[in-house]
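Notes to accompany the following structure.
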Amino acid sequence: MSYGTIEFVLKIRSETKDDLFGGEIPATKPKEEFVLLEKRLKELIKKKLYDPKNKDWFKDAVDSSIYGRALKIMNKHGIKDMEKIHLQIGLGDCFSIMRKHEKLFYPIFINEDKEFSFTNKAMLEGAFNIITTMRAKLGAHYTGAEIKYGEEEMLKIEFKKNE
């Protein structure tokens, strides 16, 4: 089945609420996309903010609330290695850290000449908001809301920009 056909079938399924229409289609796995995105953002945060001369690089780089949550998670899971503290944050924390250090992070994502990038700060912030909302709807932080077809398509576009 071609991409256009899949999109057409998915739209019909969405509108008719008939999940069997069109037969078997390879399922998308947005939760896995969130896990991968979060992992990559944590790696990027460490790459940009890590200072080998400063053992408190993470504490110095993030807000005290983020640092406190990361420490709490480390303690809860018995993690003693402070080199792993940046791995204890969530996707929302990643966005907060990138906002705080906008001059370091935003140029990575904003570039009018690059195919999969954002044209301005407002578009990037919009993507952060879309990703945060969709993640909540997909159950990472379950709120009871459900993802809609159009929202899933927007999410796919945002993930593509962040590859």
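Ordering of the structure tokens sets the chain letters (A, B, ...), residue numbers begin anew at 1 in every chain, and ligands are numbered from 1 in the order given.
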Cut-off 8 Å: closest segment 78-98 of chain A/segment 54-63 of chain A atom pairs per residue, using only C-alpha atoms, as CSV:
```
residue,atom,partner,partner_atom,distance
A:Ile85,CA,A:Phe58,CA,7.5
A:His86,CA,A:Phe58,CA,7.0
A:Ile97,CA,A:Val62,CA,6.2
```
Store the residues of this selection in a file with C-alpha atoms, as a PDB file, in the first residue's frame.
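Listing of selection.pdb after writing:
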```pdb
ATOM      1  CA  ILE A  85      21.598  12.589  36.327  1.00  0.00           C
ATOM      2  CA  HIS A  86      20.674  14.066  32.951  1.00  0.00           C
ATOM      3  CA  ILE A  97      16.180  23.315  29.689  1.00  0.00           C
TER       4      ILE A  97
END
```
Name the residues in contact with Glu43 of chain A at a cut-off of 9 Å, using only C-alpha atoms, excluding same-chain residues fewer than 5 positions from it; report them as a list in words.
->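 Neighbouring residues, sequence-local ones excluded: Glu38, Lys48, His86 and Leu87 of chain A.
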Would you mind exporting N, CA and C atoms of the selected residues as a short mmCIF file (atom, residue, chain, number, x, y, z; two decimals), in the first residue's frame?
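Ended up saving to out25.cif:
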```cif
data_model
loop_
_atom_site.label_atom_id
_atom_site.label_comp_id
_atom_site.auth_asym_id
_atom_site.auth_seq_id
_atom_site.Cartn_x
_atom_site.Cartn_y
_atom_site.Cartn_z
N GLU A 38 12.91 11.75 23.41
CA GLU A 38 13.39 12.12 24.74
C GLU A 38 14.85 11.71 24.93
N LYS A 48 25.66 19.67 24.87
CA LYS A 48 25.76 21.13 24.86
C LYS A 48 26.13 21.73 26.21
N HIS A 86 21.41 13.49 34.08
CA HIS A 86 20.67 14.07 32.95
C HIS A 86 19.68 13.07 32.35
N LEU A 87 19.85 11.80 32.63
CA LEU A 87 18.95 10.77 32.11
C LEU A 87 17.68 10.64 32.95
#
```
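The closest residue to Ala70 of chain A, picked from A:Glu33, A:Glu125, A:Glu83, A:Asp113 and counting only C-alpha atoms, is A:Glu83.
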Nearest candidate to Leu44 of chain A (options A:Ile110, A:Glu32, A:Leu104, A:Asp81; using only C-alpha atoms) =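 Looking at the shortest contact to Leu44 of chain A, the residue is A:Leu104.
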Quick one: of A:Leu124, A:Ala136, A:Ile66, A:Leu20, who's nearest to Ile108 of chain A, counting only C-alpha atoms?
->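 Nearest to Ile108 of chain A: A:Leu124.
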